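Accompanying notes for the structure given below.
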Amino acid sequence: MTLRIDSKKWILYRHTSDFDKLCVVAEFLKSYTKTGISTDEKTQLNLKLRELGLYNERNPDLPLDAINHKINQLSYFMFGYQAKVDGQDRFLFSPLGNLFLKHVEDKNKIAKIFLTMLWAIQYQHPHSGTDSEFQLYPFRLIYKLLSESKLSYKLYAFEVAYSVVFLKEANKTTYKELVSELLALRKLSDEELAQKFQEDRHAYVNSAYEWDYYHSKFLELAGVLVKKEGDIICKLQHGDSTKHPTFRKITRNEVSIPENLKSLVEQLENEFSFLDKPLLLNDPERLKIDVIKEIYSFYPKTLLIEISEAIDDFKFELLNLPKLIEQYANNNEGAEAYLFEDALVEGFNQFYNVSANKVGGAGNTDIECLYKTKKKKFAVEAKSTKNKLLQANANRLGEHREKIGGEYSIIVTPRYVPGVIRDIRNNPIVIIQSNTFSEYLYNYIDNDIREIDYEDFDSIIVNNLGKDISKNISDLTISKFATHK
C-alpha cells in the first residue's frame, strides 16, 4: 500500500479494557458537574472502583493519575472534552455523552449510542497521541471493512495489527488497496505471517497489543463488536529484555458487527461516510477550542430515531447549527434558506429576558432583539458562508442597527478570516462563533434550566466591543457546566 507509514500508526487507548469501569467514572464525573472534583473525591472514586471489583491498582497509594487516565479515555471515546478555564482543568460532557448517561441502564440503547460516539472519533483527535499525519475517521473505516462482503463481514486481529492501523488517509483508492492487502494476507500461512510480523517487531507488537488485548475486548464489552477467539499465529517479544522477556500473541481472533447494530451501521455510513475529511485541529484560521467544540457536537437524528428518543427539535437544531449554516449558504433560493435565522431567533428567545424577532430584507438586520431587563435593543446578523466570512461592513451594520435603535450588533458565524476583526475594531460589534453559541444554550436546556438570563452575555459584549467574544462565552459555559478535573 502506498500510504503505509513505517512504525507510525493509530494510537488506540489501552489503559483499561473494562467498559463498566469507564461507565462508573463517567457517572461519577457527571454527579460532580456542579461542585467539581477535589483530590479527596478522586481518591474516593478510586476506592469506589476497588469496592466494585473494577480497580486493581497495584500501588496502595491509589495514584490520582489512574483517574486522570480514565478521564482521558472518556475524552477519547467522545463522552466529553477537556478545557482549562482560569487555570483549572475542566471536563464538559458532550451531547452524546449526556445521552449515554441518560440511558446507562439500557444495554441495547447504550450500545447504539456508543457506536455513534465511535463514529465521531477522528484523527486528528484532541485527546489521542496519534500522529497528525493521520487524517481519517478510524472506526468508520473499521465498520466499513466489517460491512465488506469481500472480507466475509469480519476482520482478524492480525489484519488490524499489520495493516489497518497504519492507514493514514481513507479515500476510494486507499480503501480498495487495503481490502486487496487484507485478502492477500488471508492467503498466507502462519509461518509466512510470522515472518512478516518479524520485519518490524516493535511496531507490530504494540499494534497487536493495543487492539487484541485491550481495544477489541473493550468494544466487545460495550456491545459494539462480536469477538470470536481464533488460533495463535505466533508470539512476538515485547521489549528487548533478555533476562525476563515478555511476549505478545499474534492471533486469528476475529470481530464482526452485532446483529442489533447492522441497521444503524448502514444508516450512519450512508449519512457520515468513512470518506469524509476530518476537521483540522491545527486549522490556521480557527482557534483549536472552536474545532474541538464542533467535533464533540456530533448528534445525529438517525440515532435518536433508532433508540426512540423524543426529539427536541430546537435542541437538535442548536447542536446542528453549523450544518444549518452550510444548508443556508448552499440553498439561497431553496426551502432551507432561512433555517439558520430561524434557529437563531429561537436561540435568542431562550433568554427569558430577551425578545427576538426576525426582520431580514435589504437594508435591515437579520434579527431584532430587545433586552427587556435593561430596556435596550441589539441586532443579530446571521453570517453563513460556504467557506469563511471574508469581511464585515461596519458602516452597513451601523445602518441596520440605527434602524432599530440598537446599541450593538452580534455577528453569528461559523468561521471568518482574521481581517474581519479589523473590520469591526472600534465599533459596537462583536463576533460569536456558532458552535460556541449553540453549546452555551444546549447545556442550559440539557440541564433543564429554563430561565436563561441574558445578563452574562450583555456584560461580556459591552466590555469587549470590536472583538470576537467566543472564548469569553466558551469559558462562561465551561465554568457553569463543566466538572473540575
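Ligands are numbered from 1 in the order shown, chains are lettered A, B, ... in the order of the C-alpha cells, and residues start at 1 in each chain.
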Need the shell around A:Phe79: protein/DNA/RNA residues with any atom at most 8 Å away, counting only C-alpha atoms. Skip same-chain ones fewer than 2 positions apart. Format as an mmCIF file with C-alpha atoms, in the first residue's frame?
data_model
loop_
_atom_site.group_PDB
_atom_site.id
_atom_site.type_symbol
_atom_site.label_atom_id
_atom_site.label_comp_id
_atom_site.auth_asym_id
_atom_site.auth_seq_id
_atom_site.Cartn_x
_atom_site.Cartn_y
_atom_site.Cartn_z
ATOM 1 C CA ALA A 26 -18.489 8.851 33.685
ATOM 2 C CA LEU A 74 -13.643 9.291 28.336
ATOM 3 C CA SER A 75 -12.406 12.166 26.191
ATOM 4 C CA TYR A 76 -11.035 9.784 23.569
ATOM 5 C CA PHE A 77 -14.372 7.976 23.298
ATOM 6 C CA TYR A 81 -13.784 17.215 26.163
ATOM 7 C CA PHE A 93 -19.863 16.317 28.674
ATOM 8 C CA SER A 94 -20.797 16.127 25.008
ATOM 9 C CA LEU A 96 -23.793 12.047 23.110
ATOM 10 C CA GLY A 97 -22.090 11.664 26.496
ATOM 11 C CA ASN A 98 -25.151 13.092 28.238
ATOM 12 C CA MET A 117 -19.707 8.030 19.569
#
Worksheet item: Counting only C-alpha atoms, what is within 7 Å of A:Leu141, bar same-chain residues fewer than 4 positions away, as a ChimeraX atom specification?
Response: /A:137,145,274
Give me a file of those residues, with C-alpha atoms, as an mmCIF file, in the first residue's frame.
data_model
loop_
_atom_site.group_PDB
_atom_site.id
_atom_site.type_symbol
_atom_site.label_atom_id
_atom_site.label_comp_id
_atom_site.auth_asym_id
_atom_site.auth_seq_id
_atom_site.Cartn_x
_atom_site.Cartn_y
_atom_site.Cartn_z
ATOM 1 C CA TYR A 137 -12.299 8.503 10.842
ATOM 2 C CA LEU A 145 -14.443 -3.124 6.415
ATOM 3 C CA PHE A 274 -15.665 6.946 6.165
#
Item to complete: Determine, counting only C-alpha atoms, which protein, DNA and RNA residues have an atom within 10 Å of an atom of stretch 150-152 of chain A; residues of the same chain fewer than 6 positions away are not included. Present the result as a PyMOL selection string.
Response: chain A and resi 179-180+182-183+186+256
Fill in: Pick from A:Val226, A:Pro418, A:Pro95, A:Asp366, whichever lies nearest to A:Ile445 using only C-alpha atoms
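Among A:Val226, A:Pro418, A:Pro95, A:Asp366, it is A:Pro95 that comes nearest to A:Ile445.
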Discussion item. Please report the interatomic distance between atom CA of A:Asp231 and atom CA of A:Thr251 in Å with one decimal.
Written reply: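 Straight-line distance from atom CA of A:Asp231 to atom CA of A:Thr251 works out to 5.8 Å.
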Show which residues sit within 12 Å of A:Asp283, as a PDB file with N, CA and C atoms, in the first residue's frame. Count only C-alpha atoms, and ignore same-chain residues fewer than 6 positions away.
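Listed below is the output, result.pdb:
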ATOM      1  N   GLN A 124      -7.027  13.861  13.080  1.00  0.00           N
ATOM      2  CA  GLN A 124      -6.520  14.250  14.384  1.00  0.00           C
ATOM      3  C   GLN A 124      -7.607  14.210  15.455  1.00  0.00           C
ATOM      4  N   SER A 132      -0.245  13.586  13.741  1.00  0.00           N
ATOM      5  CA  SER A 132      -1.113  14.486  12.976  1.00  0.00           C
ATOM      6  C   SER A 132      -1.137  14.170  11.483  1.00  0.00           C
ATOM      7  N   ILE A 289      -9.986  25.365  20.256  1.00  0.00           N
ATOM      8  CA  ILE A 289     -11.165  25.058  21.068  1.00  0.00           C
ATOM      9  C   ILE A 289     -12.432  25.093  20.232  1.00  0.00           C
ATOM     10  N   ASP A 290     -12.476  25.940  19.192  1.00  0.00           N
ATOM     11  CA  ASP A 290     -13.658  26.001  18.326  1.00  0.00           C
ATOM     12  C   ASP A 290     -13.776  24.740  17.476  1.00  0.00           C
ATOM     13  N   VAL A 291     -12.639  24.223  17.036  1.00  0.00           N
ATOM     14  CA  VAL A 291     -12.650  22.967  16.280  1.00  0.00           C
ATOM     15  C   VAL A 291     -13.109  21.826  17.180  1.00  0.00           C
ATOM     16  N   ILE A 292     -12.592  21.812  18.425  1.00  0.00           N
ATOM     17  CA  ILE A 292     -12.963  20.762  19.378  1.00  0.00           C
ATOM     18  C   ILE A 292     -14.459  20.776  19.644  1.00  0.00           C
ATOM     19  N   ARG A 415     -17.181  30.630  10.907  1.00  0.00           N
ATOM     20  CA  ARG A 415     -15.755  30.938  10.850  1.00  0.00           C
ATOM     21  C   ARG A 415     -15.551  32.171   9.992  1.00  0.00           C
ATOM     22  N   VAL A 417     -12.241  35.032   8.304  1.00  0.00           N
ATOM     23  CA  VAL A 417     -10.825  35.311   8.100  1.00  0.00           C
ATOM     24  C   VAL A 417     -10.401  36.381   9.108  1.00  0.00           C
TER      25      VAL A 417
END
Practice prompt. Excluding A:Val420 and any residue of its chain fewer than 5 positions from it, enumerate the residues within 8 Å of it, using only C-alpha atoms, and give them as a list in words.
Written response: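 So the residues in contact are Leu389, Leu390, Gln391 and Ala392 of chain A.
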Same residues, C-alpha atoms, output as a tab-separated table (two decimals), in the first residue's frame:
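What ended up in result_0.tsv:
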chain	number	residue	atom	x	y	z
A	389	LEU	CA	-16.77	35.20	6.36
A	390	LEU	CA	-14.43	37.45	4.36
A	391	GLN	CA	-15.48	40.87	5.61
A	392	ALA	CA	-17.85	42.78	7.85
Discussion item. Just want the 6 Å neighbourhood of stretch 189-201 of chain A, counted on only C-alpha atoms, with same-chain residues fewer than 2 positions away dropped. Output as an MDAnalysis selection string.
Written reply: chainID A and resid 203:205 233:234
Practice prompt. Pick out the residues sitting within 8 Å of A:Lys376, and hand them over as number ranges by chain; count only C-alpha atoms, and ignore anything fewer than 6 positions along from it in its own chain.
Written response: A: 370, 406-407
Practice prompt. Go through stretch 180-327 of chain A and collect every residue that DSSP, computed from the backbone, puts in alpha helix (DSSP H); the answer should be as a PyMOL selection string.
Written response: chain A and resi 180-186+190-198+201-208+216-221+262-271+288-296+301-306+313-319+321-327
Worksheet item: Just how far from atom CA of A:Leu339 is atom CA of A:Lys467, in Å to one decimal?
Response: 26.2 Å
Discussion item. DSSP on the backbone: which residues in stretch 355-477 of chain A end up as strand (DSSP E or B)? Give the answer as a ChimeraX atom specification.
Written reply: /A:355-358,367-371,376-382,389,406-413,416,429-433,452,468
Just-selected residues, N, CA and C atoms written as a CSV table (one decimal), in the first residue's frame:
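The new file selection-v1.csv reads:
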chain,number,residue,atom,x,y,z
A,355,SER,N,-36.5,39.4,23.8
A,355,SER,CA,-37.5,39.1,22.8
A,355,SER,C,-36.8,39.3,21.4
A,356,ALA,N,-36.8,38.2,20.6
A,356,ALA,CA,-36.1,38.2,19.3
A,356,ALA,C,-37.1,38.1,18.2
A,357,ASN,N,-36.9,38.9,17.1
A,357,ASN,CA,-37.9,38.8,16.0
A,357,ASN,C,-37.1,38.9,14.7
A,358,LYS,N,-37.4,38.0,13.8
A,358,LYS,CA,-36.7,38.0,12.5
A,358,LYS,C,-37.2,39.2,11.7
A,367,ILE,N,-32.0,39.9,12.6
A,367,ILE,CA,-32.8,39.7,13.8
A,367,ILE,C,-32.8,40.9,14.7
A,368,GLU,N,-33.9,41.4,15.1
A,368,GLU,CA,-34.0,42.5,16.0
A,368,GLU,C,-34.3,41.9,17.4
A,369,CYS,N,-33.6,42.4,18.4
A,369,CYS,CA,-33.7,41.8,19.8
A,369,CYS,C,-33.9,43.0,20.8
A,370,LEU,N,-34.7,42.7,21.8
A,370,LEU,CA,-34.9,43.6,22.9
A,370,LEU,C,-34.5,42.9,24.2
A,371,TYR,N,-33.5,43.5,24.9
A,371,TYR,CA,-33.0,43.0,26.2
A,371,TYR,C,-33.9,43.7,27.2
A,376,LYS,N,-33.0,47.8,26.3
A,376,LYS,CA,-32.1,48.2,25.2
A,376,LYS,C,-32.2,47.1,24.1
A,377,LYS,N,-32.0,47.6,22.9
A,377,LYS,CA,-32.1,46.8,21.7
A,377,LYS,C,-30.7,46.4,21.2
A,378,PHE,N,-30.7,45.3,20.5
A,378,PHE,CA,-29.4,45.0,19.8
A,378,PHE,C,-29.8,44.2,18.5
A,379,ALA,N,-28.9,44.2,17.6
A,379,ALA,CA,-29.1,43.5,16.3
A,379,ALA,C,-28.3,42.2,16.2
A,380,VAL,N,-28.8,41.2,15.6
A,380,VAL,CA,-28.1,39.9,15.4
A,380,VAL,C,-28.0,39.7,13.9
A,381,GLU,N,-26.8,39.5,13.4
A,381,GLU,CA,-26.5,39.3,12.0
A,381,GLU,C,-26.1,37.9,11.8
A,382,ALA,N,-26.9,37.1,11.0
A,382,ALA,CA,-26.5,35.7,10.7
A,382,ALA,C,-25.7,35.6,9.5
A,389,LEU,N,-16.3,33.8,6.5
A,389,LEU,CA,-16.8,35.2,6.4
A,389,LEU,C,-15.5,36.0,6.0
A,406,GLY,N,-30.7,50.1,17.9
A,406,GLY,CA,-29.9,49.1,18.7
A,406,GLY,C,-28.6,49.7,19.2
A,407,GLU,N,-28.1,49.1,20.3
A,407,GLU,CA,-26.9,49.6,20.9
A,407,GLU,C,-25.6,48.9,20.4
A,408,TYR,N,-25.8,47.6,20.0
A,408,TYR,CA,-24.7,46.9,19.4
A,408,TYR,C,-25.2,45.8,18.5
A,409,SER,N,-24.3,45.3,17.7
A,409,SER,CA,-24.6,44.2,16.8
A,409,SER,C,-23.8,42.9,17.2
A,410,ILE,N,-24.4,41.8,17.0
A,410,ILE,CA,-23.8,40.5,17.2
A,410,ILE,C,-23.7,39.8,15.9
A,411,ILE,N,-22.5,39.4,15.4
A,411,ILE,CA,-22.4,38.6,14.2
A,411,ILE,C,-22.2,37.2,14.6
A,412,VAL,N,-23.1,36.3,14.2
A,412,VAL,CA,-23.0,34.9,14.5
A,412,VAL,C,-22.6,34.2,13.2
A,413,THR,N,-21.5,33.5,13.2
A,413,THR,CA,-20.9,32.9,12.0
A,413,THR,C,-20.1,31.6,12.4
A,416,TYR,N,-14.4,32.8,10.2
A,416,TYR,CA,-14.1,34.0,9.4
A,416,TYR,C,-12.6,34.2,9.2
A,429,ILE,N,-19.7,46.3,17.7
A,429,ILE,CA,-20.0,45.0,17.0
A,429,ILE,C,-19.1,43.9,17.7
A,430,VAL,N,-19.7,42.7,17.9
A,430,VAL,CA,-18.9,41.6,18.4
A,430,VAL,C,-19.2,40.4,17.5
A,431,ILE,N,-18.3,39.4,17.5
A,431,ILE,CA,-18.5,38.2,16.8
A,431,ILE,C,-18.6,37.1,17.8
A,432,ILE,N,-19.5,36.1,17.5
A,432,ILE,CA,-19.6,34.9,18.3
A,432,ILE,C,-19.7,33.7,17.3
A,433,GLN,N,-18.9,32.7,17.5
A,433,GLN,CA,-18.9,31.6,16.5
A,433,GLN,C,-20.1,30.6,16.9
A,452,ILE,N,-32.9,31.3,31.4
A,452,ILE,CA,-31.5,31.7,31.0
A,452,ILE,C,-31.5,33.2,31.0
A,468,ASP,N,-13.9,39.4,19.0
A,468,ASP,CA,-14.6,38.1,19.0
A,468,ASP,C,-14.7,37.6,20.4
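When only C-alpha atoms are used to measure the gap to A:Thr302, the shortest distance among A:Phe314, A:Phe457, A:Phe272, A:Tyr123 belongs to A:Phe272.
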